[in-house]
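S.K.: This is upload-v3.csv (CSV, C-alpha atoms).
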chain,number,residue,atom,x,y,z
A,198,MET,CA,64.1,-84.6,-58.2
A,199,ALA,CA,67.1,-86.9,-57.8
A,200,SER,CA,70.2,-86.0,-59.8
A,201,LEU,CA,71.7,-88.3,-62.4
A,202,LYS,CA,74.4,-89.3,-60.0
A,203,ASP,CA,71.9,-90.3,-57.3
A,204,LEU,CA,70.0,-92.4,-59.9
A,205,ARG,CA,73.1,-94.2,-61.0
A,206,ASN,CA,74.0,-94.9,-57.4
A,207,ARG,CA,70.5,-96.2,-56.7
A,208,ILE,CA,70.5,-98.5,-59.8
A,209,ALA,CA,73.9,-99.8,-58.8
A,210,SER,CA,72.7,-100.5,-55.3
A,211,VAL,CA,69.6,-102.3,-56.4
A,212,LYS,CA,71.6,-104.4,-58.9
A,213,ALA,CA,73.9,-105.5,-56.0
A,214,THR,CA,70.9,-106.4,-53.9
A,215,GLN,CA,69.5,-108.4,-56.8
A,216,LYS,CA,72.7,-110.4,-57.1
A,217,ILE,CA,72.4,-111.2,-53.3
A,218,THR,CA,68.8,-112.3,-53.5
A,219,LYS,CA,69.5,-114.4,-56.6
A,220,ALA,CA,72.4,-116.1,-54.9
A,221,MET,CA,70.2,-116.7,-51.8
A,222,GLN,CA,67.5,-118.2,-54.0
A,223,MET,CA,70.0,-120.6,-55.5
A,224,VAL,CA,71.3,-121.6,-52.1
A,225,ALA,CA,67.8,-122.2,-50.8
A,226,ALA,CA,67.0,-124.3,-53.8
A,227,ALA,CA,70.0,-126.5,-53.3
A,228,LYS,CA,69.2,-126.9,-49.6
A,229,LEU,CA,65.5,-127.5,-50.2
A,230,ARG,CA,66.1,-130.7,-52.0
A,231,ARG,CA,68.0,-132.3,-49.2
A,232,ALA,CA,65.6,-130.9,-46.6
A,233,GLN,CA,62.6,-132.1,-48.5
A,234,GLU,CA,64.0,-135.6,-48.9
A,235,ALA,CA,64.8,-135.8,-45.1
A,236,ALA,CA,61.2,-134.6,-44.2
A,237,GLU,CA,59.6,-137.1,-46.6
A,238,ALA,CA,61.8,-139.9,-45.3
A,239,ALA,CA,60.8,-139.2,-41.7
A,240,ARG,CA,57.0,-139.2,-42.3
A,241,PRO,CA,56.5,-143.0,-42.8
A,242,TYR,CA,58.4,-143.8,-39.6
A,243,SER,CA,56.6,-141.1,-37.6
A,244,GLU,CA,53.2,-142.2,-38.9
A,245,ARG,CA,54.0,-145.9,-38.3
A,246,MET,CA,55.3,-145.1,-34.8
A,247,GLY,CA,52.0,-143.4,-34.1
A,248,ALA,CA,50.0,-146.4,-35.5
A,249,VAL,CA,51.9,-148.9,-33.3
A,250,LEU,CA,51.5,-146.7,-30.2
A,251,ALA,CA,47.7,-146.4,-31.0
A,252,ASN,CA,47.4,-150.1,-31.2
A,253,ILE,CA,49.2,-150.7,-27.9
A,254,THR,CA,47.1,-148.0,-26.3
A,255,GLN,CA,43.9,-149.7,-27.5
A,256,ALA,CA,45.2,-153.0,-26.1
A,257,ILE,CA,46.1,-151.7,-22.7
A,258,GLY,CA,43.1,-149.3,-22.4
A,259,GLY,CA,43.2,-147.2,-19.3
A,260,GLY,CA,44.7,-149.9,-17.1
A,261,GLY,CA,46.9,-149.3,-14.2
A,262,ASP,CA,50.0,-150.4,-16.2
A,263,ALA,CA,49.7,-147.4,-18.5
A,264,PRO,CA,52.4,-144.8,-17.9
A,265,ALA,CA,51.5,-141.3,-17.0
A,266,LEU,CA,52.8,-140.0,-20.3
A,267,MET,CA,50.0,-141.9,-22.0
A,268,THR,CA,47.1,-141.3,-19.6
A,269,GLY,CA,48.1,-137.8,-18.5
A,270,THR,CA,47.7,-136.3,-15.0
A,271,GLY,CA,43.9,-136.2,-15.2
A,272,ARG,CA,43.9,-132.4,-15.3
A,273,ASP,CA,44.3,-129.8,-18.1
A,274,ASP,CA,45.2,-126.8,-16.0
A,275,VAL,CA,48.8,-126.2,-17.2
A,276,HIS,CA,49.6,-126.3,-20.9
A,277,LEU,CA,53.1,-126.5,-22.4
A,278,LEU,CA,53.6,-125.2,-25.9
A,279,ILE,CA,56.7,-126.2,-27.9
A,280,VAL,CA,56.9,-123.6,-30.7
A,281,CYS,CA,59.3,-124.6,-33.5
A,282,THR,CA,60.4,-121.9,-35.9
A,283,ALA,CA,63.4,-121.0,-38.0
A,284,GLU,CA,66.6,-119.5,-36.7
A,285,ARG,CA,66.9,-117.0,-39.5
A,286,GLY,CA,64.5,-114.7,-41.4
A,287,LEU,CA,64.2,-113.7,-45.1
A,288,CYS,CA,61.6,-116.5,-45.6
A,289,GLY,CA,58.4,-114.5,-46.1
A,290,GLY,CA,55.6,-115.2,-43.6
A,291,PHE,CA,56.9,-118.7,-42.6
A,292,ASN,CA,57.8,-117.8,-39.0
A,293,SER,CA,55.0,-115.4,-38.4
A,294,GLN,CA,52.3,-118.0,-39.4
A,295,ILE,CA,53.6,-120.5,-36.8
A,296,ALA,CA,53.8,-117.8,-34.2
A,297,ARG,CA,50.3,-116.6,-35.0
A,298,LEU,CA,48.9,-120.1,-34.6
A,299,ALA,CA,50.6,-120.5,-31.2
A,300,ARG,CA,49.5,-117.0,-30.1
A,301,ASP,CA,45.9,-117.7,-31.0
A,302,HIS,CA,46.2,-121.0,-29.0
A,303,VAL,CA,47.6,-119.1,-26.0
A,304,ARG,CA,44.8,-116.6,-26.1
A,305,ARG,CA,42.2,-119.3,-26.1
A,306,LEU,CA,43.8,-121.0,-23.1
A,307,LEU,CA,44.2,-117.8,-21.1
A,308,ALA,CA,40.5,-117.0,-21.9
A,309,ASP,CA,39.6,-120.4,-20.3
A,310,GLY,CA,41.6,-119.6,-17.2
A,311,LYS,CA,44.5,-122.0,-18.0
A,312,GLN,CA,48.2,-121.6,-17.2
A,313,VAL,CA,50.5,-121.5,-20.2
A,314,LYS,CA,54.2,-122.3,-20.5
A,315,ILE,CA,56.2,-122.0,-23.7
A,316,ILE,CA,59.5,-123.5,-25.0
A,317,CYS,CA,60.7,-121.8,-28.1
A,318,VAL,CA,62.8,-123.8,-30.6
A,319,GLY,CA,64.3,-121.2,-33.0
A,320,LYS,CA,65.2,-117.5,-32.6
A,321,LYS,CA,62.4,-116.0,-34.8
A,322,GLY,CA,59.5,-117.6,-32.8
A,323,TYR,CA,61.2,-116.5,-29.6
A,324,ASP,CA,61.5,-112.9,-30.9
A,325,ILE,CA,57.9,-112.8,-31.9
A,326,LEU,CA,56.3,-114.4,-28.8
A,327,ARG,CA,58.4,-112.6,-26.2
A,328,ARG,CA,56.8,-109.3,-27.1
A,329,ASP,CA,53.5,-110.4,-25.5
A,330,TYR,CA,54.4,-113.6,-23.5
A,331,ALA,CA,57.9,-113.1,-22.2
A,332,SER,CA,56.9,-114.2,-18.7
A,333,MET,CA,55.6,-117.5,-20.0
A,334,ILE,CA,58.7,-118.6,-21.9
A,335,LEU,CA,60.6,-121.2,-20.0
A,336,GLU,CA,63.5,-121.7,-22.4
A,337,ARG,CA,64.8,-121.0,-25.9
A,338,VAL,CA,66.5,-123.8,-27.7
A,339,ASP,CA,69.2,-122.5,-30.0
A,340,LEU,CA,70.0,-124.5,-33.1
A,341,ARG,CA,72.0,-121.9,-35.0
A,342,GLU,CA,75.2,-123.8,-34.7
A,343,VAL,CA,73.7,-127.1,-36.0
A,344,LYS,CA,74.5,-127.6,-39.6
A,345,THR,CA,72.5,-130.8,-40.1
A,346,LEU,CA,69.6,-131.6,-37.9
A,347,GLY,CA,69.9,-135.0,-36.2
A,348,PHE,CA,67.7,-137.2,-34.0
A,349,VAL,CA,70.0,-136.2,-31.1
A,350,ASN,CA,68.8,-132.6,-31.3
A,351,ALA,CA,65.1,-133.7,-31.0
A,352,ASP,CA,65.9,-136.3,-28.3
A,353,ALA,CA,67.6,-133.6,-26.1
A,354,ILE,CA,64.4,-131.4,-26.4
A,355,ALA,CA,62.2,-134.5,-25.6
A,356,ARG,CA,64.2,-135.3,-22.5
A,357,LYS,CA,63.7,-131.8,-21.2
A,358,VAL,CA,60.0,-132.0,-21.8
A,359,ILE,CA,59.6,-135.4,-20.2
A,360,HIS,CA,61.7,-134.3,-17.2
A,361,LEU,CA,59.4,-131.3,-16.8
A,362,PHE,CA,56.3,-133.5,-17.0
A,363,ASN,CA,57.6,-135.9,-14.4
A,364,ASP,CA,58.3,-132.9,-12.1
A,365,GLY,CA,54.6,-131.9,-12.4
A,366,GLY,CA,55.4,-128.9,-14.6
A,367,PHE,CA,52.5,-129.2,-17.0
A,368,ASP,CA,49.5,-131.4,-17.8
A,369,ILE,CA,49.2,-131.2,-21.7
A,370,CYS,CA,51.9,-130.5,-24.2
A,371,THR,CA,51.3,-129.3,-27.8
A,372,LEU,CA,53.8,-129.1,-30.6
A,373,PHE,CA,53.7,-126.2,-33.1
A,374,TYR,CA,55.4,-126.4,-36.5
A,375,SER,CA,54.8,-125.9,-40.2
A,376,GLN,CA,54.1,-129.0,-42.3
A,377,PHE,CA,55.8,-128.9,-45.7
A,378,LYS,CA,53.5,-129.4,-48.7
A,379,SER,CA,55.3,-127.6,-51.5
A,380,VAL,CA,57.6,-124.7,-52.2
A,381,ILE,CA,54.6,-122.3,-52.0
A,382,SER,CA,52.6,-124.1,-49.4
A,383,GLN,CA,53.5,-124.7,-45.7
A,384,ILE,CA,50.7,-125.5,-43.3
A,385,PRO,CA,51.1,-124.3,-39.7
A,386,THR,CA,50.2,-127.3,-37.5
A,387,ALA,CA,49.4,-127.9,-33.8
A,388,GLN,CA,50.0,-131.5,-32.6
A,389,GLN,CA,49.4,-132.8,-29.1
A,390,ILE,CA,52.1,-135.1,-28.0
A,391,ILE,CA,51.4,-135.4,-24.2
A,392,PRO,CA,49.4,-137.2,-23.0
A,393,ALA,CA,50.2,-139.6,-25.8
A,394,GLY,CA,47.0,-141.6,-25.4
A,395,GLN,CA,44.7,-139.0,-26.9
A,396,ALA,CA,47.1,-138.3,-29.8
A,397,SER,CA,47.4,-142.0,-30.5
A,398,ALA,CA,43.6,-142.5,-30.6
A,399,THR,CA,43.4,-139.7,-33.1
A,400,ALA,CA,46.1,-141.3,-35.3
A,401,GLU,CA,44.4,-144.7,-35.1
A,402,THR,CA,41.1,-143.2,-36.2
A,403,GLY,CA,42.7,-141.5,-39.1
A,404,ASN,CA,44.6,-144.6,-40.3
A,405,GLY,CA,41.8,-147.0,-39.7
A,406,ALA,CA,44.0,-149.5,-37.9
A,407,THR,CA,41.9,-152.5,-36.8
A,408,ALA,CA,44.5,-155.3,-36.6
A,409,VAL,CA,44.9,-157.1,-33.2
A,410,TYR,CA,48.5,-157.9,-32.0
A,411,GLU,CA,50.0,-159.8,-29.1
A,412,TYR,CA,52.9,-158.1,-27.4
A,413,GLU,CA,55.9,-159.4,-25.6
A,414,PRO,CA,56.8,-158.1,-23.0
A,415,GLU,CA,53.7,-156.6,-21.5
A,416,PRO,CA,52.2,-153.5,-23.2
A,417,GLY,CA,52.8,-151.4,-20.2
A,418,GLU,CA,56.5,-152.2,-20.3
A,419,ILE,CA,56.7,-151.5,-24.0
A,420,LEU,CA,54.9,-148.1,-23.6
A,421,SER,CA,57.4,-147.0,-20.9
A,422,ASP,CA,60.1,-147.1,-23.6
A,423,LEU,CA,58.0,-146.4,-26.7
A,424,ILE,CA,56.3,-143.2,-25.6
A,425,PRO,CA,59.4,-141.2,-24.8
A,426,ARG,CA,60.9,-142.3,-28.1
A,427,ASN,CA,57.7,-141.4,-29.9
A,428,ILE,CA,57.8,-137.9,-28.4
A,429,ALA,CA,61.4,-137.5,-29.7
A,430,VAL,CA,60.3,-138.8,-33.1
A,431,GLN,CA,57.5,-136.3,-33.4
A,432,ILE,CA,59.7,-133.4,-32.4
A,433,PHE,CA,62.3,-134.6,-34.9
A,434,ARG,CA,59.7,-134.8,-37.6
A,435,ALA,CA,58.6,-131.2,-36.7
A,436,LEU,CA,62.2,-130.0,-37.0
A,437,LEU,CA,62.7,-131.6,-40.4
A,438,GLU,CA,59.3,-130.3,-41.7
A,439,ASN,CA,60.3,-126.9,-40.5
A,440,ALA,CA,63.7,-127.1,-42.3
A,441,ALA,CA,62.1,-128.0,-45.6
A,442,GLY,CA,59.4,-125.4,-45.2
A,443,GLU,CA,61.9,-122.7,-44.3
A,444,MET,CA,64.0,-123.4,-47.4
A,445,GLY,CA,60.8,-123.5,-49.6
A,446,ALA,CA,59.6,-120.2,-48.2
A,447,LYS,CA,63.0,-118.6,-48.5
A,448,MET,CA,63.3,-119.8,-52.1
A,449,SER,CA,59.9,-118.3,-53.0
A,450,ALA,CA,60.6,-115.0,-51.1
A,451,MET,CA,64.0,-114.5,-52.7
A,452,ASP,CA,62.6,-115.2,-56.1
A,453,ASN,CA,60.0,-112.5,-55.5
A,454,ALA,CA,62.6,-110.2,-54.2
A,455,THR,CA,64.8,-110.8,-57.3
A,456,ARG,CA,61.8,-110.1,-59.6
A,457,ASN,CA,60.9,-106.9,-57.7
A,458,ALA,CA,64.5,-105.7,-57.9
A,459,GLY,CA,64.4,-106.2,-61.7
A,460,ASP,CA,61.2,-104.2,-61.9
A,461,MET,CA,62.8,-101.4,-59.8
A,462,ILE,CA,65.9,-101.4,-62.0
A,463,ASN,CA,63.8,-101.0,-65.1
A,464,LYS,CA,61.8,-98.1,-63.6
A,465,LEU,CA,64.9,-96.4,-62.4
A,466,SER,CA,66.6,-96.8,-65.7
A,467,ILE,CA,63.6,-95.3,-67.5
A,468,THR,CA,63.7,-92.3,-65.1
A,469,TYR,CA,67.4,-92.0,-65.6
A,470,ASN,CA,67.2,-92.0,-69.4
A,471,ARG,CA,64.4,-89.5,-69.4
A,472,GLN,CA,66.1,-87.1,-67.1
A,473,ARG,CA,69.4,-87.5,-69.0
A,474,GLN,CA,67.6,-86.8,-72.3
A,475,ALA,CA,65.9,-83.8,-70.8
A,476,GLN,CA,69.3,-82.5,-69.6
A,477,ILE,CA,70.8,-83.0,-73.0
A,478,THR,CA,67.9,-81.3,-74.7
A,479,LYS,CA,68.2,-78.3,-72.3
A,480,GLU,CA,72.0,-78.0,-73.0
A,481,LEU,CA,71.3,-78.1,-76.8
A,482,ILE,CA,68.7,-75.4,-76.5
A,483,GLU,CA,71.1,-73.2,-74.5
A,484,ILE,CA,73.9,-73.7,-77.1
A,485,ILE,CA,71.5,-72.9,-80.0
A,486,SER,CA,70.1,-69.8,-78.2
A,487,GLY,CA,73.7,-68.6,-77.5
A,488,ALA,CA,74.7,-69.1,-81.1
A,489,GLU,CA,71.7,-67.1,-82.4
A,490,ALA,CA,72.4,-64.3,-79.9
A,491,LEU,CA,75.8,-63.9,-81.5
Would you encode the structure as structure tokens?

M.R.:
Amino acid sequence: MASLKDLRNRIASVKATQKITKAMQMVAAAKLRRAQEAAEAARPYSERMGAVLANITQAIGGGGDAPALMTGTGRDDVHLLIVCTAERGLCGGFNSQIARLARDHVRRLLADGKQVKIICVGKKGYDILRRDYASMILERVDLREVKTLGFVNADAIARKVIHLFNDGGFDICTLFYSQFKSVISQIPTAQQIIPAGQASATAETGNGATAVYEYEPEPGEILSDLIPRNIAVQIFRALLENAAGEMGAKMSAMDNATRNAGDMINKLSITYNRQRQAQITKELIEIISGAEAL
């Protein structure tokens, strides 16, 4: 059985941990508001960009003017996975859920005889995936030094992906991230971004867009500029959704940790008081027994 000194030290240690988790919860709550506003502000632009791209894709069809980013290579042998996770932990199962979705996707592709390449955005996803698929990871994008996510960060990733596609590095690109719903709900999501034609058709079906537009200049010329921008926009949205989801998951995890620390302090305090009372009672009995012996 632990001594009274050990119990006091343990209680003091748990109280210090509780203060840290409470402070981290408050910090996450403050950051969550800004991250949630940024994610919600990016959604309409991202969805409208997809709708416009879908409409142009419908207008141009599979014509020869369509860029390769829209029509694809005509094969599906090599798949590129962009796995976006957080740079830091202490956010419950946020990172592991995204990595699990990506890992399941990799297993299905390998079972079908496909070749898989991975780009990890975020340290935690890289740490999880490299255990089983280290040879498939092409690059890890480090955003730890970025205080506020900007479009320039997503555009740099998009340029690397497009350059890799133009060099014949892959046929299909899928983006993995966690869509923010609420503090306690983040939904791991897989979104195909290359070729853009299939993704645009899906977006058009979901939005029910039926309007007909005339474009100037020609749709093929518009797509050559619009598709790379759309890829960067989708990656930027994924980063913002991840940032909001990370803060929400961290807020919830730190709140649970604070509550658990409080419960542990109560249990340790009860154990300490009982043991102290037993020790006092034992000392009283020894004093009374000594007095009677005299």

S.K.: I'd like the neighbourhood of stretch 470-474 of chain A as a VMD selection string, where a residue qualifies if any of its atoms comes within 8 Å (using all atoms listed in the file), though same-chain residues fewer than 4 positions away should be ignored.

M.R.: chain A and resid 201 466 478

S.K.: Extract, using only C-alpha atoms, all DNA, RNA and protein residues at most 6 Å from stretch 276-284 of chain A, discarding same-chain residues fewer than 5 positions from it, and format them as a PDB file with C-alpha atoms, in the frame of the given file.

M.R.:
ATOM      1  CA  ASN A 292      57.800-117.800 -39.000  1.00  0.00           C
ATOM      2  CA  VAL A 313      50.500-121.500 -20.200  1.00  0.00           C
ATOM      3  CA  LYS A 314      54.200-122.300 -20.500  1.00  0.00           C
ATOM      4  CA  ILE A 315      56.200-122.000 -23.700  1.00  0.00           C
ATOM      5  CA  ILE A 316      59.500-123.500 -25.000  1.00  0.00           C
ATOM      6  CA  CYS A 317      60.700-121.800 -28.100  1.00  0.00           C
ATOM      7  CA  VAL A 318      62.800-123.800 -30.600  1.00  0.00           C
ATOM      8  CA  GLY A 319      64.300-121.200 -33.000  1.00  0.00           C
ATOM      9  CA  LYS A 320      65.200-117.500 -32.600  1.00  0.00           C
ATOM     10  CA  LYS A 321      62.400-116.000 -34.800  1.00  0.00           C
ATOM     11  CA  GLY A 322      59.500-117.600 -32.800  1.00  0.00           C
ATOM     12  CA  PHE A 367      52.500-129.200 -17.000  1.00  0.00           C
ATOM     13  CA  ASP A 368      49.500-131.400 -17.800  1.00  0.00           C
ATOM     14  CA  ILE A 369      49.200-131.200 -21.700  1.00  0.00           C
ATOM     15  CA  CYS A 370      51.900-130.500 -24.200  1.00  0.00           C
ATOM     16  CA  THR A 371      51.300-129.300 -27.800  1.00  0.00           C
ATOM     17  CA  LEU A 372      53.800-129.100 -30.600  1.00  0.00           C
ATOM     18  CA  PHE A 373      53.700-126.200 -33.100  1.00  0.00           C
ATOM     19  CA  TYR A 374      55.400-126.400 -36.500  1.00  0.00           C
TER      20      TYR A 374
END

S.K.: Just to confirm, what's the straight-line distance from atom CA of A:Ala351 to atom CA of A:Arg434 in Å (one decimal)?

M.R.: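 According to the coordinates, atom CA of A:Ala351 and atom CA of A:Arg434 are separated by 8.6 Å.
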
S.K.: Mind pulling up the distance from atom CA of A:Cys288 to atom CA of A:Glu443?

M.R.: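 These two atoms are separated by 6.3 Å.
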
S.K.: Within 12 Å of (65.5, -100.4, -64.2), in the coordinates the file gives, what residues turn up when you count all atoms listed in the file, written out as a ChimeraX atom specification?

M.R.: /A:204-205,207-212,215,456-470

S.K.: What's around A:Leu266 at 12 Å? Count all atoms listed in the file, leave out sequence neighbours fewer than 4 positions away in its own chain, and write the answer as a PyMOL selection string.

M.R.: chain A and resi 254+262+270-271+358-363+365+367-370+389-397+417+420-428

S.K.: Go ahead and compute the interatomic distance for atom CA of A:Asp203 and atom CA of A:Ile217, in Å to one decimal.

M.R.: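 Atom CA of A:Ile217 lies 21.3 Å from atom CA of A:Asp203.
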
S.K.: Write out as a PyMOL selection string the residues lying within 12 Å of A:Met444, counting only C-alpha atoms and excluding same-chain residues fewer than 5 positions away.

M.R.: chain A and resi 221-233+236+283-289+291-292+375+377+379-383+437-439+449-451
